[in-house]
>>> print(open('my_file.cif').read())   # mmCIF, C-alpha atoms
data_protein
#
loop_
_atom_site.label_atom_id
_atom_site.label_comp_id
_atom_site.auth_asym_id
_atom_site.auth_seq_id
_atom_site.Cartn_x
_atom_site.Cartn_y
_atom_site.Cartn_z
CA MET A 1 20.01 5.87 9.05
CA THR A 2 20.60 8.06 12.09
CA THR A 3 22.78 10.49 10.16
CA LYS A 4 19.94 11.65 7.93
CA CYS A 5 16.86 13.62 8.84
CA VAL A 6 13.60 11.65 8.83
CA LYS A 7 10.46 13.76 8.71
CA SER A 8 7.77 11.25 7.68
CA TRP A 9 7.02 7.53 7.71
CA LEU A 10 5.20 5.05 5.50
CA THR A 11 4.33 1.58 6.78
CA ASP A 12 2.68 -1.50 5.41
CA MET A 13 -0.22 -2.86 7.45
CA ASP A 14 -0.51 -6.67 7.29
CA GLY A 15 2.59 -8.38 8.59
CA VAL A 16 3.88 -5.15 10.13
CA LEU A 17 1.11 -3.74 12.33
CA VAL A 18 -1.33 -6.66 12.36
CA HIS A 19 -1.51 -10.37 11.66
CA GLU A 20 -5.05 -11.21 10.57
CA GLU A 21 -7.11 -9.47 13.29
CA SER A 22 -4.47 -9.21 16.02
CA ALA A 23 -1.99 -6.41 16.62
CA LEU A 24 1.66 -7.33 16.38
CA PRO A 25 3.83 -6.41 19.39
CA GLY A 26 4.83 -2.75 19.31
CA ALA A 27 2.31 -1.67 16.67
CA ALA A 28 0.22 0.55 18.93
CA ASP A 29 3.36 2.04 20.48
CA PHE A 30 4.77 2.78 17.02
CA ILE A 31 1.69 4.77 15.97
CA ALA A 32 1.56 6.53 19.35
CA THR A 33 5.23 7.51 19.05
CA LEU A 34 4.68 9.00 15.60
CA LYS A 35 1.77 11.03 16.97
CA ASP A 36 3.71 12.13 20.06
CA HIS A 37 6.47 13.55 17.87
CA GLY A 38 4.06 15.10 15.39
CA LEU A 39 5.48 13.06 12.51
CA PRO A 40 3.33 12.68 9.36
CA PHE A 41 2.66 9.06 8.43
CA LEU A 42 0.54 6.81 6.24
CA VAL A 43 -0.43 3.18 6.64
CA LEU A 44 -0.31 1.53 3.21
CA THR A 45 -2.01 -1.61 1.98
CA ASN A 46 -2.30 -3.35 -1.37
CA ASN A 47 -5.65 -4.76 -0.25
CA SER A 48 -8.41 -2.97 -2.15
CA ILE A 49 -11.38 -4.68 -0.48
CA PHE A 50 -11.89 -2.23 2.36
CA THR A 51 -12.41 1.52 2.63
CA PRO A 52 -10.15 3.55 4.94
CA ARG A 53 -13.06 3.75 7.38
CA ASP A 54 -13.32 -0.06 7.41
CA LEU A 55 -9.58 -0.41 7.97
CA ARG A 56 -9.55 2.18 10.75
CA ALA A 57 -12.24 0.16 12.54
CA ARG A 58 -10.25 -3.05 12.05
CA LEU A 59 -7.07 -1.48 13.43
CA LEU A 60 -8.93 0.15 16.32
CA ALA A 61 -10.43 -3.21 17.29
CA ALA A 62 -6.86 -4.49 17.52
CA GLY A 63 -5.89 -1.57 19.76
CA ILE A 64 -4.15 0.54 17.09
CA ASP A 65 -5.52 4.07 16.69
CA VAL A 66 -4.88 5.20 13.12
CA PRO A 67 -6.89 8.12 11.68
CA GLU A 68 -8.93 7.36 8.58
CA THR A 69 -6.98 10.05 6.72
CA ALA A 70 -3.71 8.23 7.46
CA ILE A 71 -4.68 5.09 5.53
CA TRP A 72 -3.73 4.79 1.86
CA THR A 73 -4.93 1.78 -0.14
CA SER A 74 -4.22 0.49 -3.63
CA ALA A 75 -7.88 1.27 -4.39
CA LEU A 76 -7.38 4.95 -3.53
CA ALA A 77 -4.14 5.06 -5.52
CA THR A 78 -5.88 3.42 -8.49
CA ALA A 79 -8.79 5.87 -8.36
CA GLN A 80 -6.38 8.81 -8.19
CA PHE A 81 -4.37 7.46 -11.12
CA LEU A 82 -7.47 6.98 -13.29
CA SER A 83 -8.82 10.40 -12.36
CA GLU A 84 -5.56 11.96 -13.53
CA GLN A 85 -5.47 9.89 -16.72
CA ARG A 86 -9.11 10.25 -17.77
CA PRO A 87 -11.16 12.45 -15.42
CA GLU A 88 -14.73 11.31 -14.74
CA GLY A 89 -14.35 8.26 -16.93
CA THR A 90 -16.16 4.94 -17.08
CA ALA A 91 -15.13 1.52 -15.83
CA TYR A 92 -16.25 -2.05 -15.43
CA VAL A 93 -15.10 -3.02 -11.95
CA ILE A 94 -14.45 -6.37 -10.33
CA GLY A 95 -13.94 -5.60 -6.67
CA GLU A 96 -15.42 -4.69 -3.33
CA ALA A 97 -16.55 -1.49 -1.58
CA GLY A 98 -13.02 -0.20 -1.10
CA LEU A 99 -12.51 0.03 -4.86
CA THR A 100 -15.99 1.02 -6.01
CA THR A 101 -16.25 3.73 -3.35
CA ALA A 102 -12.85 5.18 -4.30
CA LEU A 103 -13.82 5.29 -7.98
CA HIS A 104 -17.21 6.84 -7.28
CA ASP A 105 -15.54 9.49 -5.13
CA VAL A 106 -13.40 10.66 -8.05
CA GLY A 107 -16.40 10.85 -10.37
CA TYR A 108 -16.14 7.53 -12.20
CA VAL A 109 -19.24 5.78 -13.53
CA MET A 110 -19.52 2.00 -13.24
CA THR A 111 -20.87 0.45 -16.43
CA THR A 112 -20.83 -2.68 -18.57
CA ARG A 113 -21.49 -0.70 -21.75
CA ASP A 114 -18.26 0.11 -23.58
CA PRO A 115 -16.29 1.20 -20.50
CA GLU A 116 -12.97 2.97 -20.94
CA TYR A 117 -11.37 0.66 -18.37
CA VAL A 118 -11.71 -2.76 -16.86
CA VAL A 119 -10.52 -2.35 -13.27
CA LEU A 120 -9.66 -5.50 -11.34
CA GLY A 121 -9.34 -5.44 -7.57
CA GLU A 122 -9.43 -7.79 -4.63
CA THR A 123 -12.61 -9.70 -3.85
CA ARG A 124 -13.57 -12.88 -2.06
CA THR A 125 -16.35 -13.58 -4.59
CA TYR A 126 -14.68 -13.78 -8.00
CA SER A 127 -17.27 -15.13 -10.42
CA PHE A 128 -16.81 -16.83 -13.76
CA GLU A 129 -19.46 -14.51 -15.21
CA ALA A 130 -17.64 -11.34 -14.09
CA ILE A 131 -14.28 -12.59 -15.35
CA THR A 132 -15.81 -13.58 -18.68
CA ARG A 133 -17.34 -10.13 -19.08
CA ALA A 134 -14.01 -8.50 -18.26
CA ILE A 135 -12.30 -10.61 -20.92
CA GLN A 136 -14.90 -9.68 -23.54
CA LEU A 137 -14.73 -5.96 -22.71
CA ILE A 138 -10.92 -5.98 -22.96
CA GLU A 139 -11.20 -7.79 -26.31
CA ARG A 140 -13.46 -4.94 -27.44
CA GLY A 141 -10.89 -2.32 -26.51
CA ALA A 142 -11.26 -1.51 -22.79
CA ARG A 143 -7.96 -0.71 -21.07
CA PHE A 144 -6.92 -3.15 -18.35
CA ILE A 145 -6.00 -1.85 -14.87
CA ALA A 146 -5.39 -3.89 -11.72
CA THR A 147 -5.01 -2.56 -8.19
CA ASN A 148 -2.06 -4.77 -7.27
CA PRO A 149 -0.07 -7.78 -8.47
CA ASP A 150 -0.26 -9.91 -5.30
CA ALA A 151 -0.87 -13.48 -6.46
CA THR A 152 -2.16 -14.74 -3.12
CA GLY A 153 -3.59 -13.38 0.11
CA PRO A 154 -3.56 -14.85 3.62
CA SER A 155 -6.40 -16.58 5.41
CA PRO A 156 -6.63 -18.71 8.56
CA SER A 157 -6.81 -21.84 6.40
CA GLY A 158 -4.01 -20.92 3.98
CA SER A 159 -3.42 -18.90 0.82
CA LEU A 160 -6.27 -17.45 -1.23
CA PRO A 161 -6.04 -16.45 -4.91
CA ALA A 162 -5.68 -12.69 -5.13
CA THR A 163 -5.71 -9.97 -7.78
CA GLY A 164 -2.49 -11.03 -9.49
CA SER A 165 -3.74 -14.57 -10.06
CA VAL A 166 -7.03 -13.44 -11.58
CA ALA A 167 -5.22 -10.83 -13.67
CA ALA A 168 -2.99 -13.61 -15.05
CA LEU A 169 -6.09 -15.57 -16.04
CA ILE A 170 -7.52 -12.56 -17.91
CA THR A 171 -4.15 -11.87 -19.54
CA LYS A 172 -3.89 -15.49 -20.69
CA ALA A 173 -7.32 -15.20 -22.32
CA THR A 174 -6.82 -11.77 -23.92
CA GLY A 175 -3.09 -11.37 -24.42
CA VAL A 176 -3.39 -7.99 -22.64
CA GLU A 177 -1.22 -7.23 -19.61
CA PRO A 178 -2.77 -5.00 -16.93
CA TYR A 179 -1.17 -1.89 -15.51
CA PHE A 180 -0.69 -2.59 -11.80
CA VAL A 181 -0.98 0.53 -9.64
CA GLY A 182 -0.16 -0.90 -6.19
CA LYS A 183 3.18 -1.98 -4.74
CA PRO A 184 5.79 -2.66 -6.03
CA ASN A 185 4.90 0.09 -8.51
CA PRO A 186 6.67 3.17 -7.10
CA LEU A 187 3.63 5.14 -8.30
CA MET A 188 1.84 4.13 -5.09
CA MET A 189 4.76 5.39 -3.01
CA ARG A 190 4.89 8.68 -4.88
CA SER A 191 1.14 9.17 -4.50
CA ALA A 192 1.53 8.54 -0.76
CA LEU A 193 4.39 11.05 -0.55
CA ASN A 194 2.29 13.61 -2.38
CA ARG A 195 -0.57 13.02 0.03
CA LEU A 196 1.77 13.75 2.94
CA GLU A 197 3.50 16.59 1.06
CA ALA A 198 6.69 14.71 1.96
CA HIS A 199 9.98 14.11 0.18
CA SER A 200 11.51 10.73 -0.58
CA GLU A 201 14.88 11.69 0.92
CA THR A 202 13.33 12.34 4.34
CA THR A 203 10.84 9.45 4.41
CA VAL A 204 11.25 5.83 5.54
CA MET A 205 9.17 2.88 4.32
CA ILE A 206 8.54 -0.08 6.66
CA GLY A 207 7.37 -3.40 5.26
CA ASP A 208 7.46 -7.16 5.65
CA ARG A 209 7.98 -8.11 2.00
CA MET A 210 11.17 -7.65 0.01
CA ASP A 211 9.41 -8.03 -3.35
CA THR A 212 6.79 -5.32 -2.77
CA ASP A 213 7.45 -3.04 0.22
CA VAL A 214 11.23 -2.80 0.05
CA LEU A 215 11.35 -2.84 -3.76
CA SER A 216 8.79 -0.08 -4.18
CA GLY A 217 10.50 2.00 -1.50
CA LEU A 218 13.86 1.54 -3.21
CA GLU A 219 12.51 2.51 -6.63
CA ALA A 220 10.79 5.58 -5.17
CA GLY A 221 14.04 6.72 -3.52
CA LEU A 222 13.07 5.96 0.08
CA ARG A 223 15.11 4.33 2.81
CA SER A 224 13.47 1.12 3.97
CA ILE A 225 13.15 -1.10 7.01
CA LEU A 226 12.24 -4.77 6.65
CA VAL A 227 10.57 -6.33 9.68
CA LEU A 228 10.61 -10.11 10.04
CA THR A 229 7.03 -10.60 11.27
CA GLY A 230 5.46 -11.20 7.86
CA SER A 231 6.21 -12.68 4.46
CA THR A 232 10.00 -12.42 4.17
CA SER A 233 12.13 -14.41 6.59
CA ALA A 234 15.69 -13.55 7.60
CA ASP A 235 17.22 -16.32 5.50
CA GLN A 236 15.46 -15.06 2.36
CA VAL A 237 16.83 -11.49 2.45
CA ASP A 238 20.19 -12.29 0.84
CA ARG A 239 18.48 -14.04 -2.09
CA PHE A 240 17.36 -10.68 -3.45
CA PRO A 241 19.65 -8.48 -5.57
CA PHE A 242 18.77 -5.46 -3.43
CA ARG A 243 18.72 -4.85 0.30
CA PRO A 244 16.66 -2.79 2.74
CA THR A 245 18.42 -0.05 4.63
CA ARG A 246 17.86 -2.00 7.85
CA VAL A 247 16.42 -5.36 8.92
CA LEU A 248 14.69 -5.48 12.30
CA GLY A 249 12.80 -8.18 14.16
CA SER A 250 9.49 -6.38 14.45
CA ILE A 251 7.79 -3.00 14.55
CA ALA A 252 8.59 -2.93 18.28
CA ASP A 253 12.26 -2.53 17.32
CA VAL A 254 11.38 0.50 15.18
CA VAL A 255 9.83 2.46 18.07
CA PRO A 256 13.12 3.58 19.71
CA LEU A 257 14.51 4.36 16.26
CA VAL A 258 11.56 6.70 15.54
CA ALA A 259 12.19 8.55 18.80
CA GLU A 260 15.94 8.76 18.12
CA LEU A 261 15.49 10.10 14.59
CA ALA A 262 12.84 12.56 15.74
CA GLU A 263 15.26 13.93 18.33
CA VAL A 264 17.97 14.28 15.67
CA ALA A 265 15.55 16.18 13.42
CA ASP A 266 14.44 18.43 16.29
CA ALA A 267 18.05 19.17 17.22
CA ARG A 268 18.91 20.09 13.65
CA LEU A 269 15.84 22.30 13.38
CA GLY A 270 16.78 24.00 16.64
CA GLY A 271 20.30 24.58 15.35
CA GLU A 272 18.94 26.13 12.17
CA ASP A 273 16.70 28.42 14.21
CA ASP A 274 19.61 29.48 16.44
CA HIS A 275 21.76 30.16 13.39
CA ALA A 276 18.98 32.20 11.81
#
>>> encode(input="my_file.cif", output="structure tokens")
Amino acid sequence: MTTKCVKSWLTDMDGVLVHEESALPGAADFIATLKDHGLPFLVLTNNSIFTPRDLRARLLAAGIDVPETAIWTSALATAQFLSEQRPEGTAYVIGEAGLTTALHDVGYVMTTRDPEYVVLGETRTYSFEAITRAIQLIERGARFIATNPDATGPSPSGSLPATGSVAALITKATGVEPYFVGKPNPLMMRSALNRLEAHSETTVMIGDRMDTDVLSGLEAGLRSILVLTGSTSADQVDRFPFRPTRVLGSIADVVPLVAELAEVADARLGGEDDHA
């Protein structure tokens, strides 16, 4: 990885920077190092419950100072995708403020009357009534979109059903598969790259899951780093038919690598300037 220029970074949040409400070792130093070197970065999350402002507050409470503009969620990626597909459209939404706010911000109208889309996101209050309505609207022709395919989410007491599980229920009832916007869809990576005005060949993705973070990075043409502080353990890596560029213990191990790669990029830029 040190032989290639790295100009920007993407990183997952849960399992990389934080575990529940606590910062993982090295997380604050990682963000500070990116800032010190003036490197563009985005913190990515498949969780669509929270707005970037909410997530900034959560990270700041854990001692990690990430600007609101440097947070990219599956809700924002979904809203951007729908805005490009059908500008100022209509949707029936199952989700929280992170999703509804993102859709409102791109001009979408929330309605139960013949919406163009049923949009399913993360929520801790899935109701039988809301799921039933979604099924009926899809049966009547609404297109089915889901923010992410994660089947479960973490909680202090164990796994919780997440968007992917509820989407499977709706698919079973309707026979209609949703289009998932979030990871591992490389669409989310490309939208993040566009937001940074970055290129895949000079960007690295850091994640804790082989089946979402590393896979989506691979399919979007990014180099990837798997850290072992989240979902994928060291003994599981070889079970996958693809590999990350590097496997490191934690985000703390990435900090010296960021500094090293930044120095390589600066040296190359200086050489180009001297040559010019």
>>> resolve_selection(input="my_file.cif", expression="the PyMOL selection byres ((chain A and resi 31) around 9)", output="list in words")
Gly26, Ala27, Ala28, Asp29, Phe30, Ala32, Thr33, Leu34, Lys35, Asp36, Phe41, Ile64, Asp65, Val66 and Val255 of chain A
>>> residues_around(input="my_file.cif", residues="region 8-21 of chain A", least_positions_apart="3", cutoff="9 Å", atoms="only C-alpha atoms", output="count of residues only")
45
>>> resolve_selection(input="my_file.cif", expression="the PyMOL selection byres ((chain A and resi 153) around 10)", output="VMD selection string")
chain A and resid 47 122 150 to 152 154 to 155 158 to 164
>>> resolve_selection(input="my_file.cif", expression="the PyMOL selection byres ((chain A and resi 113) around 10)", output="short mmCIF file (atom, residue, chain, number, x, y, z; two decimals) with C-alpha atoms, in the coordinates of the input")
data_model
loop_
_atom_site.label_atom_id
_atom_site.label_comp_id
_atom_site.auth_asym_id
_atom_site.auth_seq_id
_atom_site.Cartn_x
_atom_site.Cartn_y
_atom_site.Cartn_z
CA THR A 90 -16.16 4.94 -17.08
CA ALA A 91 -15.13 1.52 -15.83
CA TYR A 92 -16.25 -2.05 -15.43
CA MET A 110 -19.52 2.00 -13.24
CA THR A 111 -20.87 0.45 -16.43
CA THR A 112 -20.83 -2.68 -18.57
CA ASP A 114 -18.26 0.11 -23.58
CA PRO A 115 -16.29 1.20 -20.50
CA GLU A 116 -12.97 2.97 -20.94
CA LEU A 137 -14.73 -5.96 -22.71
#
>>> residues_around(input="my_file.cif", residues="Gly175 (chain A)", least_positions_apart="6", cutoff="10 Å", atoms="all atoms listed in the file", output="PDB file with C-alpha atoms, in the coordinates of the input")
ATOM      1  CA  ILE A 135     -12.300 -10.610 -20.920  1.00  0.00           C
ATOM      2  CA  ILE A 138     -10.920  -5.980 -22.960  1.00  0.00           C
ATOM      3  CA  GLU A 139     -11.200  -7.790 -26.310  1.00  0.00           C
ATOM      4  CA  ALA A 168      -2.990 -13.610 -15.050  1.00  0.00           C
ATOM      5  CA  LEU A 169      -6.090 -15.570 -16.040  1.00  0.00           C
TER       6      LEU A 169
END
